[in-house]
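model22.pdb follows; it contains PDB, C-alpha atoms and all ligand atoms.
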```pdb
MODEL        1
ATOM      1  CA  MET A   1       0.000   0.000   0.000
ATOM      2  CA  PRO A   2       1.339   3.546  -0.655
ATOM      3  CA  ARG A   3       2.548   5.274   2.492
ATOM      4  CA  ASP A   4       0.130   8.087   1.842
ATOM      5  CA  THR A   5      -3.226   8.099   0.064
ATOM      6  CA  LYS A   6      -2.589  11.475  -1.555
ATOM      7  CA  TYR A   7       1.074  11.597  -2.467
ATOM      8  CA  PHE A   8       3.824   9.390  -3.761
ATOM      9  CA  LYS A   9       7.396  10.419  -3.187
ATOM     10  CA  ILE A  10       9.600  10.303  -6.264
ATOM     11  CA  ILE A  11      13.189  11.317  -5.736
ATOM     12  CA  GLY A  12      12.390  13.785  -3.014
ATOM     13  CA  GLN A  13       9.236  15.254  -4.559
ATOM     14  CA  GLU A  14       5.642  14.526  -3.640
ATOM     15  CA  VAL A  15       3.479  13.595  -6.604
ATOM     16  CA  SER A  16      -0.293  13.137  -6.365
ATOM     17  CA  VAL A  17      -1.337   9.480  -6.598
ATOM     18  CA  ILE A  18      -4.195  10.504  -8.901
ATOM     19  CA  GLY A  19      -2.934  12.449 -11.895
ATOM     20  CA  LEU A  20      -4.476  14.011 -14.968
ATOM     21  CA  GLY A  21      -4.284  12.204 -18.314
ATOM     22  CA  THR A  22      -4.533  14.199 -21.545
ATOM     23  CA  TRP A  23      -4.903  11.706 -24.388
ATOM     24  CA  GLY A  24      -7.641  13.000 -26.681
ATOM     25  CA  MET A  25      -7.245  16.584 -25.483
ATOM     26  CA  GLY A  26      -6.193  19.048 -28.203
ATOM     27  CA  GLY A  27      -6.830  16.478 -30.954
ATOM     28  CA  GLY A  28      -5.817  12.876 -31.561
ATOM     29  CA  TYR A  29      -3.008  10.857 -33.090
ATOM     30  CA  TRP A  30      -0.697  13.558 -34.522
ATOM     31  CA  THR A  31      -3.759  15.666 -35.365
ATOM     32  CA  ARG A  32      -4.571  19.021 -33.825
ATOM     33  CA  ASP A  33      -8.062  20.141 -32.806
ATOM     34  CA  THR A  34      -8.583  23.434 -30.986
ATOM     35  CA  SER A  35     -12.387  23.316 -30.790
ATOM     36  CA  ARG A  36     -12.563  22.122 -27.154
ATOM     37  CA  ASP A  37      -9.619  24.109 -25.739
ATOM     38  CA  ALA A  38     -11.575  26.094 -23.143
ATOM     39  CA  GLN A  39     -13.322  23.033 -21.691
ATOM     40  CA  GLU A  40     -10.144  20.957 -21.598
ATOM     41  CA  VAL A  41      -8.067  23.685 -19.958
ATOM     42  CA  ALA A  42     -10.840  24.236 -17.387
ATOM     43  CA  ALA A  43     -10.943  20.510 -16.586
ATOM     44  CA  LEU A  44      -7.174  20.380 -16.052
ATOM     45  CA  ARG A  45      -7.218  23.542 -13.907
ATOM     46  CA  ARG A  46      -9.972  22.092 -11.731
ATOM     47  CA  GLY A  47      -7.938  18.931 -11.213
ATOM     48  CA  ILE A  48      -4.842  20.899 -10.210
ATOM     49  CA  GLU A  49      -6.893  23.087  -7.840
ATOM     50  CA  LEU A  50      -8.157  19.924  -6.149
ATOM     51  CA  GLY A  51      -4.641  18.564  -5.680
ATOM     52  CA  ALA A  52      -3.960  16.446  -8.772
ATOM     53  CA  THR A  53      -0.513  17.877  -9.409
ATOM     54  CA  LEU A  54       0.749  15.058 -11.661
ATOM     55  CA  ILE A  55      -0.023  15.775 -15.321
ATOM     56  CA  ASP A  56       0.586  13.311 -18.129
ATOM     57  CA  THR A  57       0.891  14.327 -21.760
ATOM     58  CA  ALA A  58       2.899  13.484 -24.907
ATOM     59  CA  GLU A  59       4.259  15.181 -28.019
ATOM     60  CA  MET A  60       2.029  12.927 -30.120
ATOM     61  CA  TYR A  61      -1.267  13.965 -28.398
ATOM     62  CA  GLY A  62      -2.962  16.487 -30.646
ATOM     63  CA  ALA A  63       0.367  16.858 -32.509
ATOM     64  CA  GLY A  64       1.721  18.823 -29.548
ATOM     65  CA  HIS A  65      -1.470  20.722 -28.799
ATOM     66  CA  ALA A  66      -2.144  18.730 -25.601
ATOM     67  CA  GLU A  67       1.184  20.073 -24.289
ATOM     68  CA  GLU A  68       0.071  23.600 -25.191
ATOM     69  CA  LEU A  69      -3.163  23.060 -23.254
ATOM     70  CA  VAL A  70      -1.132  21.887 -20.243
ATOM     71  CA  ALA A  71       0.886  25.115 -20.513
ATOM     72  CA  GLN A  72      -2.344  27.130 -20.328
ATOM     73  CA  ALA A  73      -3.735  25.033 -17.480
ATOM     74  CA  ILE A  74      -0.727  25.378 -15.176
ATOM     75  CA  LYS A  75      -0.586  29.197 -15.371
ATOM     76  CA  GLY A  76      -0.599  30.690 -11.887
ATOM     77  CA  PHE A  77       0.073  27.423 -10.009
ATOM     78  CA  PRO A  78       3.409  27.093  -8.161
ATOM     79  CA  ARG A  79       5.615  25.254 -10.653
ATOM     80  CA  GLU A  80       7.558  23.333  -8.000
ATOM     81  CA  GLU A  81       4.334  21.676  -6.775
ATOM     82  CA  LEU A  82       3.554  20.273 -10.215
ATOM     83  CA  PHE A  83       5.026  17.170 -11.802
ATOM     84  CA  ILE A  84       4.771  17.316 -15.580
ATOM     85  CA  VAL A  85       5.281  14.186 -17.616
ATOM     86  CA  THR A  86       5.590  14.114 -21.378
ATOM     87  CA  LYS A  87       6.732  11.515 -23.896
ATOM     88  CA  LEU A  88       9.123  11.128 -26.782
ATOM     89  CA  TRP A  89       7.506   9.476 -29.810
ATOM     90  CA  PRO A  90       9.510   6.431 -31.082
ATOM     91  CA  SER A  91      10.102   8.050 -34.499
ATOM     92  CA  HIS A  92      12.199  10.671 -32.664
ATOM     93  CA  ALA A  93      14.283   8.138 -30.732
ATOM     94  CA  ALA A  94      17.497   8.473 -32.792
ATOM     95  CA  ALA A  95      20.332  10.334 -31.043
ATOM     96  CA  ASP A  96      20.123  13.408 -33.290
ATOM     97  CA  GLN A  97      16.333  13.737 -32.800
ATOM     98  CA  VAL A  98      15.904  13.366 -29.039
ATOM     99  CA  GLU A  99      17.146  16.782 -27.930
ATOM    100  CA  LYS A 100      15.184  18.530 -30.673
ATOM    101  CA  ALA A 101      11.961  16.749 -29.676
ATOM    102  CA  ALA A 102      12.489  17.420 -25.962
ATOM    103  CA  ARG A 103      13.216  21.116 -26.553
ATOM    104  CA  ALA A 104      10.060  21.383 -28.696
ATOM    105  CA  SER A 105       7.967  19.732 -25.936
ATOM    106  CA  ALA A 106       9.444  22.013 -23.261
ATOM    107  CA  LYS A 107       8.742  25.028 -25.469
ATOM    108  CA  ARG A 108       5.092  24.028 -25.937
ATOM    109  CA  LEU A 109       4.780  23.339 -22.206
ATOM    110  CA  GLY A 110       6.466  26.656 -21.432
ATOM    111  CA  THR A 111       8.569  24.968 -18.770
ATOM    112  CA  TYR A 112      11.011  22.161 -18.006
ATOM    113  CA  ILE A 113       9.853  18.529 -18.034
ATOM    114  CA  ASP A 114       9.797  16.679 -14.695
ATOM    115  CA  LEU A 115       9.687  13.255 -16.288
ATOM    116  CA  TYR A 116      10.423  12.397 -19.922
ATOM    117  CA  LEU A 117       9.320   8.964 -21.091
ATOM    118  CA  LEU A 118      10.157   7.040 -24.233
ATOM    119  CA  HIS A 119       6.542   6.471 -25.353
ATOM    120  CA  ALA A 120       7.115   2.935 -26.664
ATOM    121  CA  PRO A 121       9.977   0.729 -27.863
ATOM    122  CA  ALA A 122      11.552   2.171 -31.035
ATOM    123  CA  ASP A 123      13.452   0.868 -34.067
ATOM    124  CA  VAL A 124      16.655   2.428 -32.716
ATOM    125  CA  PRO A 125      19.131   0.642 -30.424
ATOM    126  CA  ILE A 126      17.833   1.342 -26.931
ATOM    127  CA  CYS A 127      21.229   2.518 -25.653
ATOM    128  CA  GLU A 128      21.332   5.237 -28.297
ATOM    129  CA  THR A 129      18.018   6.647 -27.074
ATOM    130  CA  MET A 130      18.739   6.211 -23.376
ATOM    131  CA  ARG A 131      22.079   8.012 -23.596
ATOM    132  CA  ALA A 132      20.496  10.865 -25.516
ATOM    133  CA  MET A 133      17.692  11.083 -22.932
ATOM    134  CA  GLU A 134      20.208  11.014 -20.096
ATOM    135  CA  ARG A 135      21.988  14.032 -21.613
ATOM    136  CA  LEU A 136      18.761  16.025 -21.383
ATOM    137  CA  ILE A 137      19.119  16.004 -17.608
ATOM    138  CA  ASP A 138      22.542  17.673 -17.838
ATOM    139  CA  LEU A 139      21.059  20.224 -20.231
ATOM    140  CA  GLY A 140      18.370  21.104 -17.654
ATOM    141  CA  ILE A 141      15.504  20.279 -20.025
ATOM    142  CA  VAL A 142      14.249  17.269 -18.049
ATOM    143  CA  ARG A 143      14.594  16.173 -14.425
ATOM    144  CA  HIS A 144      13.966  12.423 -14.680
ATOM    145  CA  ILE A 145      13.643   9.871 -17.462
ATOM    146  CA  GLY A 146      11.522   6.764 -17.852
ATOM    147  CA  LEU A 147       9.849   4.290 -20.178
ATOM    148  CA  SER A 148       6.351   3.504 -21.370
ATOM    149  CA  ASN A 149       4.986   0.246 -22.792
ATOM    150  CA  PHE A 150       8.036  -1.728 -21.694
ATOM    151  CA  GLY A 151       8.287  -5.171 -20.052
ATOM    152  CA  VAL A 152      10.800  -6.145 -17.384
ATOM    153  CA  GLU A 153      13.469  -7.489 -19.738
ATOM    154  CA  ALA A 154      13.394  -4.393 -21.932
ATOM    155  CA  ILE A 155      13.494  -2.133 -18.862
ATOM    156  CA  GLU A 156      16.582  -4.000 -17.619
ATOM    157  CA  GLU A 157      18.262  -3.565 -20.969
ATOM    158  CA  ALA A 158      17.491   0.169 -20.999
ATOM    159  CA  ARG A 159      18.820   0.583 -17.458
ATOM    160  CA  SER A 160      22.068  -1.118 -18.392
ATOM    161  CA  CYS A 161      22.776   1.703 -20.887
ATOM    162  CA  LEU A 162      22.620   4.453 -18.283
ATOM    163  CA  SER A 163      25.662   5.686 -16.428
ATOM    164  CA  LYS A 164      24.593   8.824 -14.564
ATOM    165  CA  THR A 165      20.963   8.229 -13.729
ATOM    166  CA  ASP A 166      18.384   5.459 -13.450
ATOM    167  CA  ILE A 167      14.883   4.957 -14.808
ATOM    168  CA  ALA A 168      12.620   6.867 -12.411
ATOM    169  CA  ALA A 169       9.268   5.626 -13.678
ATOM    170  CA  ILE A 170       7.446   3.182 -15.909
ATOM    171  CA  GLN A 171       4.108   3.945 -17.526
ATOM    172  CA  ASN A 172       2.084   0.959 -18.688
ATOM    173  CA  ARG A 173      -1.527  -0.062 -19.112
ATOM    174  CA  HIS A 174      -3.138  -1.284 -15.924
ATOM    175  CA  SER A 175      -6.664  -1.439 -14.530
ATOM    176  CA  LEU A 176      -8.891  -3.954 -12.758
ATOM    177  CA  LEU A 177      -9.602  -5.376 -16.220
ATOM    178  CA  TYR A 178      -5.955  -5.364 -17.373
ATOM    179  CA  ARG A 179      -3.761  -6.726 -14.618
ATOM    180  CA  ARG A 180      -0.846  -8.627 -16.120
ATOM    181  CA  ASP A 181       1.743  -6.116 -14.818
ATOM    182  CA  GLU A 182       0.847  -7.078 -11.241
ATOM    183  CA  ARG A 183       2.876 -10.231 -11.806
ATOM    184  CA  THR A 184       5.771  -8.527 -13.564
ATOM    185  CA  VAL A 185       6.447  -4.804 -13.960
ATOM    186  CA  ILE A 186       4.667  -3.540 -10.824
ATOM    187  CA  PRO A 187       6.662  -5.672  -8.336
ATOM    188  CA  TYR A 188       9.806  -4.941 -10.361
ATOM    189  CA  ALA A 189       9.163  -1.178 -10.082
ATOM    190  CA  ALA A 190       8.521  -1.539  -6.339
ATOM    191  CA  ARG A 191      11.782  -3.449  -5.808
ATOM    192  CA  ASN A 192      13.766  -0.890  -7.771
ATOM    193  CA  GLY A 193      12.316   2.321  -6.329
ATOM    194  CA  MET A 194      10.520   3.364  -9.521
ATOM    195  CA  MET A 195       7.112   4.966  -9.815
ATOM    196  CA  TYR A 196       4.554   2.973 -11.829
ATOM    197  CA  MET A 197       2.061   5.125 -13.742
ATOM    198  CA  ALA A 198      -1.084   3.198 -14.669
ATOM    199  CA  TYR A 199      -2.702   4.322 -17.904
ATOM    200  CA  THR A 200      -6.268   3.673 -19.074
ATOM    201  CA  PRO A 201      -7.176   3.063 -15.406
ATOM    202  CA  LEU A 202     -10.933   3.418 -15.982
ATOM    203  CA  GLU A 203     -10.949   1.367 -19.178
ATOM    204  CA  LYS A 204     -12.204   4.475 -20.990
ATOM    205  CA  GLY A 205     -15.088   4.917 -18.534
ATOM    206  CA  ARG A 206     -16.259   1.296 -18.471
ATOM    207  CA  LEU A 207     -15.227   0.800 -14.827
ATOM    208  CA  ALA A 208     -17.269   3.867 -13.837
ATOM    209  CA  ARG A 209     -20.353   1.874 -14.831
ATOM    210  CA  ASP A 210     -19.398  -1.324 -12.982
ATOM    211  CA  PRO A 211     -22.239  -2.444 -10.667
ATOM    212  CA  PHE A 212     -20.002  -4.525  -8.373
ATOM    213  CA  LEU A 213     -17.751  -1.525  -7.668
ATOM    214  CA  ALA A 214     -20.776   0.755  -7.288
ATOM    215  CA  GLU A 215     -22.190  -1.581  -4.643
ATOM    216  CA  ILE A 216     -18.927  -1.584  -2.642
ATOM    217  CA  GLY A 217     -18.716   2.194  -2.975
ATOM    218  CA  LYS A 218     -22.072   2.698  -1.240
ATOM    219  CA  LYS A 219     -20.625   2.008   2.179
ATOM    220  CA  TYR A 220     -17.935   4.664   1.679
ATOM    221  CA  GLY A 221     -20.188   7.178  -0.072
ATOM    222  CA  LYS A 222     -17.982   6.727  -3.181
ATOM    223  CA  THR A 223     -18.730   5.962  -6.836
ATOM    224  CA  ALA A 224     -17.626   2.954  -8.892
ATOM    225  CA  ALA A 225     -14.917   5.047 -10.591
ATOM    226  CA  GLN A 226     -13.587   6.193  -7.218
ATOM    227  CA  VAL A 227     -13.509   2.626  -5.931
ATOM    228  CA  ALA A 228     -11.675   1.398  -9.066
ATOM    229  CA  LEU A 229      -9.031   4.130  -8.739
ATOM    230  CA  ASN A 230      -8.670   3.772  -4.967
ATOM    231  CA  TRP A 231      -8.170   0.039  -5.378
ATOM    232  CA  GLN A 232      -5.456   0.751  -7.957
ATOM    233  CA  ILE A 233      -3.509   3.240  -5.846
ATOM    234  CA  GLY A 234      -3.590   0.659  -3.069
ATOM    235  CA  LEU A 235      -0.923  -1.190  -5.066
ATOM    236  CA  GLU A 236       2.642  -0.064  -4.345
ATOM    237  CA  PRO A 237       4.169   1.864  -6.229
ATOM    238  CA  VAL A 238       1.227   2.713  -8.492
ATOM    239  CA  VAL A 239      -0.107   6.155  -9.348
ATOM    240  CA  SER A 240      -3.116   6.459 -11.639
ATOM    241  CA  ILE A 241      -3.634   8.951 -14.471
ATOM    242  CA  PRO A 242      -7.307   8.942 -15.540
ATOM    243  CA  LYS A 243      -8.212  11.372 -18.307
ATOM    244  CA  ALA A 244     -11.310  13.513 -17.963
ATOM    245  CA  SER A 245     -12.455  16.465 -20.062
ATOM    246  CA  LYS A 246     -15.653  16.904 -18.066
ATOM    247  CA  ILE A 247     -15.325  18.874 -14.829
ATOM    248  CA  GLU A 248     -17.640  16.458 -12.977
ATOM    249  CA  HIS A 249     -15.432  13.532 -14.011
ATOM    250  CA  VAL A 250     -12.289  15.330 -12.835
ATOM    251  CA  GLU A 251     -13.889  16.091  -9.467
ATOM    252  CA  GLU A 252     -15.005  12.488  -9.120
ATOM    253  CA  ASN A 253     -11.603  11.088 -10.015
ATOM    254  CA  VAL A 254      -9.686  13.357  -7.655
ATOM    255  CA  GLY A 255     -12.097  12.173  -4.940
ATOM    256  CA  ALA A 256     -10.524   8.731  -5.321
ATOM    257  CA  MET A 257      -7.590   9.862  -3.182
ATOM    258  CA  GLY A 258      -7.391  10.881   0.460
ATOM    259  CA  TRP A 259      -9.213   7.829   1.829
ATOM    260  CA  ARG A 260      -8.678   4.097   1.765
ATOM    261  CA  LEU A 261     -10.726   0.964   1.072
ATOM    262  CA  SER A 262     -10.601  -1.497   3.969
ATOM    263  CA  ARG A 263      -8.123  -4.312   3.467
ATOM    264  CA  GLU A 264     -11.079  -6.712   3.328
ATOM    265  CA  ASP A 265     -12.823  -4.795   0.528
ATOM    266  CA  TRP A 266      -9.549  -4.277  -1.319
ATOM    267  CA  GLU A 267      -9.009  -8.039  -1.337
ATOM    268  CA  LEU A 268     -12.611  -8.759  -2.272
ATOM    269  CA  ILE A 269     -12.263  -6.524  -5.343
ATOM    270  CA  SER A 270      -8.929  -8.132  -6.217
ATOM    271  CA  GLU A 271     -10.507 -11.561  -6.045
ATOM    272  CA  HIS A 272     -13.559 -10.534  -8.100
ATOM    273  CA  TYR A 273     -11.316  -9.499 -11.021
ATOM    274  CA  SER A 274      -8.670 -12.201 -10.569
ATOM    275  CA  SER A 275      -9.356 -13.631 -14.034
ATOM    276  CA  TYR A 276      -7.679 -10.505 -15.510
ATOM    277  CA  LEU A 277      -4.411 -11.179 -13.713
TER     278      LEU A 277
HETATM  279  N1  LIG B   1       1.759   5.659 -22.404
HETATM  280  C1  LIG B   1       0.795   5.272 -23.214
HETATM  281  O1  LIG B   1       1.015   4.577 -24.220
HETATM  282  C2  LIG B   1      -0.607   5.668 -22.892
HETATM  283  C3  LIG B   1      -1.683   5.018 -23.562
HETATM  284  C4  LIG B   1      -2.976   5.400 -23.220
HETATM  285  C5  LIG B   1      -3.179   6.394 -22.266
HETATM  286  N2  LIG B   1      -2.125   7.027 -21.675
HETATM  287  C6  LIG B   1      -2.313   8.105 -20.664
HETATM  288  O2  LIG B   1      -3.242   7.655 -19.672
HETATM  289  C7  LIG B   1      -4.349   8.536 -19.620
HETATM  290  C8  LIG B   1      -5.616   7.796 -19.227
HETATM  291  O3  LIG B   1      -5.916   6.767 -20.136
HETATM  292  P1  LIG B   1      -7.101   6.832 -21.195
HETATM  293  O4  LIG B   1      -7.383   8.237 -21.518
HETATM  294  O5  LIG B   1      -6.734   5.909 -22.303
HETATM  295  O6  LIG B   1      -8.329   6.136 -20.453
HETATM  296  P2  LIG B   1      -9.175   6.340 -19.106
HETATM  297  O7  LIG B   1      -8.575   7.374 -18.246
HETATM  298  O8  LIG B   1      -9.388   4.980 -18.558
HETATM  299  O9  LIG B   1     -10.575   6.829 -19.673
HETATM  300  C9  LIG B   1     -10.826   8.109 -20.170
HETATM  301  C10 LIG B   1     -12.307   8.159 -20.552
HETATM  302  O10 LIG B   1     -13.088   7.905 -19.386
HETATM  303  C11 LIG B   1     -13.994   8.972 -19.170
HETATM  304  N3  LIG B   1     -14.044   9.213 -17.741
HETATM  305  C12 LIG B   1     -13.072   9.757 -16.958
HETATM  306  N4  LIG B   1     -13.469   9.836 -15.686
HETATM  307  C13 LIG B   1     -14.722   9.337 -15.655
HETATM  308  C14 LIG B   1     -15.654   9.157 -14.613
HETATM  309  N5  LIG B   1     -15.366   9.512 -13.366
HETATM  310  N6  LIG B   1     -16.858   8.600 -14.915
HETATM  311  C15 LIG B   1     -17.143   8.235 -16.183
HETATM  312  N7  LIG B   1     -16.309   8.381 -17.219
HETATM  313  C16 LIG B   1     -15.095   8.930 -16.953
HETATM  314  C17 LIG B   1     -13.448  10.163 -19.918
HETATM  315  O11 LIG B   1     -14.515  11.000 -20.300
HETATM  316  P3  LIG B   1     -14.416  12.600 -20.479
HETATM  317  O12 LIG B   1     -13.081  12.889 -21.086
HETATM  318  O13 LIG B   1     -15.573  12.906 -21.343
HETATM  319  O14 LIG B   1     -14.548  13.258 -19.117
HETATM  320  C18 LIG B   1     -12.772   9.502 -21.088
HETATM  321  O15 LIG B   1     -13.700   9.228 -22.108
HETATM  322  C19 LIG B   1      -4.367   9.137 -21.031
HETATM  323  O16 LIG B   1      -5.187  10.295 -21.109
HETATM  324  C20 LIG B   1      -2.913   9.374 -21.265
HETATM  325  O17 LIG B   1      -2.469  10.532 -20.567
HETATM  326  C21 LIG B   1      -0.845   6.661 -21.959
ENDMDL
END
```

Is it possible to give me this structure as structure tokens?
Amino acid sequence: MPRDTKYFKIIGQEVSVIGLGTWGMGGGYWTRDTSRDAQEVAALRRGIELGATLIDTAEMYGAGHAEELVAQAIKGFPREELFIVTKLWPSHAAADQVEKAARASAKRLGTYIDLYLLHAPADVPICETMRAMERLIDLGIVRHIGLSNFGVEAIEEARSCLSKTDIAAIQNRHSLLYRRDERTVIPYAARNGMMYMAYTPLEKGRLARDPFLAEIGKKYGKTAAQVALNWQIGLEPVVSIPKASKIEHVEENVGAMGWRLSREDWELISEHYSSYL
């Protein structure tokens, strides 16, 4: 179980255990759409106001526009309390591309990057990318580096390329309906002091409609979505990054932290979804 139900400590900094995802904001797969900017910025600002200080984005989301929306959303909040994560697309993983891509992300974000992830394995030798990412720390563009969509063996290989730093975090898919990392990457991250960021934690909203979770939530005055997320952050060292463009969804999701399911209910939920392990 995390030591705290609101924060996770990553290399000296407290990060909220419920973060704010941004996939679909500002457009889609390398396509930009500005028609919902005001609503999306408002949703992110509401999340930050309520204490969700971990924000996840990527250069690919909305062809960079999601990063620009994050820049608008963080205006006026103390920068040192935020933890901004963005990702390098695999087509930019060659040594001569990494710095350019990171500088472009930081420019769109209007600030440095707390955590820079390789979005997925690339067609470039992993050591080439890792060494280029490591240099970004010396350049002051990023504070930590990590990986997304990697298994244990590939993480080990990437770590072996690093000389000055280590992988600070892994971001993979995990939810009550997608649990294979509980046997592999999650315990590995725990053993090695890495943060595990769970993406698609609500299965795109499906878990918010789950009657079993809704029933358990009644005794806590919590919704199915809140129960699903609270169960997830009960796993060490997991933080969850649901995406919500609707203010009421953001408020609901942030309400998944700051309390705890009983051990008995946590185990009951685990058992109910054990076929997804
Ligand atoms: N590293 C990777 O390869 C990778 C891959 C996928 C995702 N991610 C990251 O993880 C984040 C989350 O994953 P995701 O966006 O795929 O899926 P998700 O968070 O499981 O689901 C997002 C969907 O659920 C809805 N929703 C959110 N809160 C809700 C609530 N309380 N009740 C009902 N519906 C709710 C949202 O609706 P509204 O938007 O309408 O509010 C949206 O349609 C992404 O945004 C992205 O930052 C990373």

Name the residues captured by the PyMOL selection byres (((chain A and resi 252-265) around 6) and not hetatm) when it is applied to the shown file; answer as a ChimeraX atom specification.
-> /A:5-6,226,229-230,249-251,266-268

Output the residue selection produced by the PyMOL selection byres (((not hetatm)) within 8 of (chain B and resi 1)) on the file above, formatted as a PyMOL selection string.
-> chain A and resi 20-25+55-58+87+119-120+148-149+171-173+198-209+225-226+241-253

Might you pull out every residue within 9 Å of Ile269 in chain A, with all atoms listed in the file counted and same-chain residues fewer than 2 positions away left off, and present them as a list in words?
-> Leu176, Phe212, Leu213, Ile216, Ala228, Trp231, Glu264, Asp265, Trp266, Glu267, Glu271, His272, Tyr273 and Ser274 of chain A

Given the selection you just returned, output its residues as a file containing C-alpha atoms, formatted as a PDB file, keeping the file's coordinate frame.
```
ATOM      1  CA  LEU A 176      -8.891  -3.954 -12.758  1.00  0.00           C
ATOM      2  CA  PHE A 212     -20.002  -4.525  -8.373  1.00  0.00           C
ATOM      3  CA  LEU A 213     -17.751  -1.525  -7.668  1.00  0.00           C
ATOM      4  CA  ILE A 216     -18.927  -1.584  -2.642  1.00  0.00           C
ATOM      5  CA  ALA A 228     -11.675   1.398  -9.066  1.00  0.00           C
ATOM      6  CA  TRP A 231      -8.170   0.039  -5.378  1.00  0.00           C
ATOM      7  CA  GLU A 264     -11.079  -6.712   3.328  1.00  0.00           C
ATOM      8  CA  ASP A 265     -12.823  -4.795   0.528  1.00  0.00           C
ATOM      9  CA  TRP A 266      -9.549  -4.277  -1.319  1.00  0.00           C
ATOM     10  CA  GLU A 267      -9.009  -8.039  -1.337  1.00  0.00           C
ATOM     11  CA  GLU A 271     -10.507 -11.561  -6.045  1.00  0.00           C
ATOM     12  CA  HIS A 272     -13.559 -10.534  -8.100  1.00  0.00           C
ATOM     13  CA  TYR A 273     -11.316  -9.499 -11.021  1.00  0.00           C
ATOM     14  CA  SER A 274      -8.670 -12.201 -10.569  1.00  0.00           C
TER      15      SER A 274
END
```

What is the distance, in Å and to one decimal place, between CA of Lys9 in chain A and CA of His144 in chain A?
->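 Pair CA of Lys9 in chain A / CA of His144 in chain A returns 13.4 Å.
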
Could you work out how far CA of Ile145 in chain A lies from CA of Leu115 in chain A, giving the answer in Å with one decimal?
-> 5.3 Å

List every protein, DNA or RNA residue that has at least one atom no more than 9 Å from (13.0, 17.0, -8.7) in the file's coordinates, counting only C-alpha atoms, and write the result as a VMD selection string.
-> chain A and resid 10 to 13 80 83 114 143 to 144

Calculate how many Å separate CA of Ala93 in chain A from CA of Arg135 in chain A, rounding to one decimal.
->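 Separating CA of Ala93 in chain A from CA of Arg135 in chain A is a distance of 13.3 Å.
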
Contacts between range 103-106 of chain A and range 133-190 of chain A, please, where a residue of range 133-190 of chain A counts if it comes within 12 Å (with all atoms listed in the file); show its shortest atom pair and distance in Å to one decimal, rows by chain and ascending number, as a tab-separated table.
```
residue	atom	partner	partner_atom	distance
A:Met133	CA	A:Arg103	CA	11.6
A:Leu136	CA	A:Arg103	CA	9.1
A:Ile137	CA	A:Arg103	CA	11.9
A:Leu139	CA	A:Arg103	CA	10.1
A:Gly140	CA	A:Arg103	CA	10.3
A:Ile141	CA	A:Arg103	CA	7.0
A:Val142	CA	A:Ala106	CA	8.5
A:Arg143	CA	A:Ala106	CA	11.8
```

Excluding Glu153 in chain A and residues on its chain fewer than 6 positions from it, collect all residues at most 10 Å away from it, counting all atoms listed in the file, and give them as number ranges by chain.
-> A: 159, 184-185

Residues returned when the PyMOL selection byres (((chain A and resi 124) around 10) and not hetatm) runs on this file, as a ChimeraX atom specification | /A:90-95,121-123,125-129
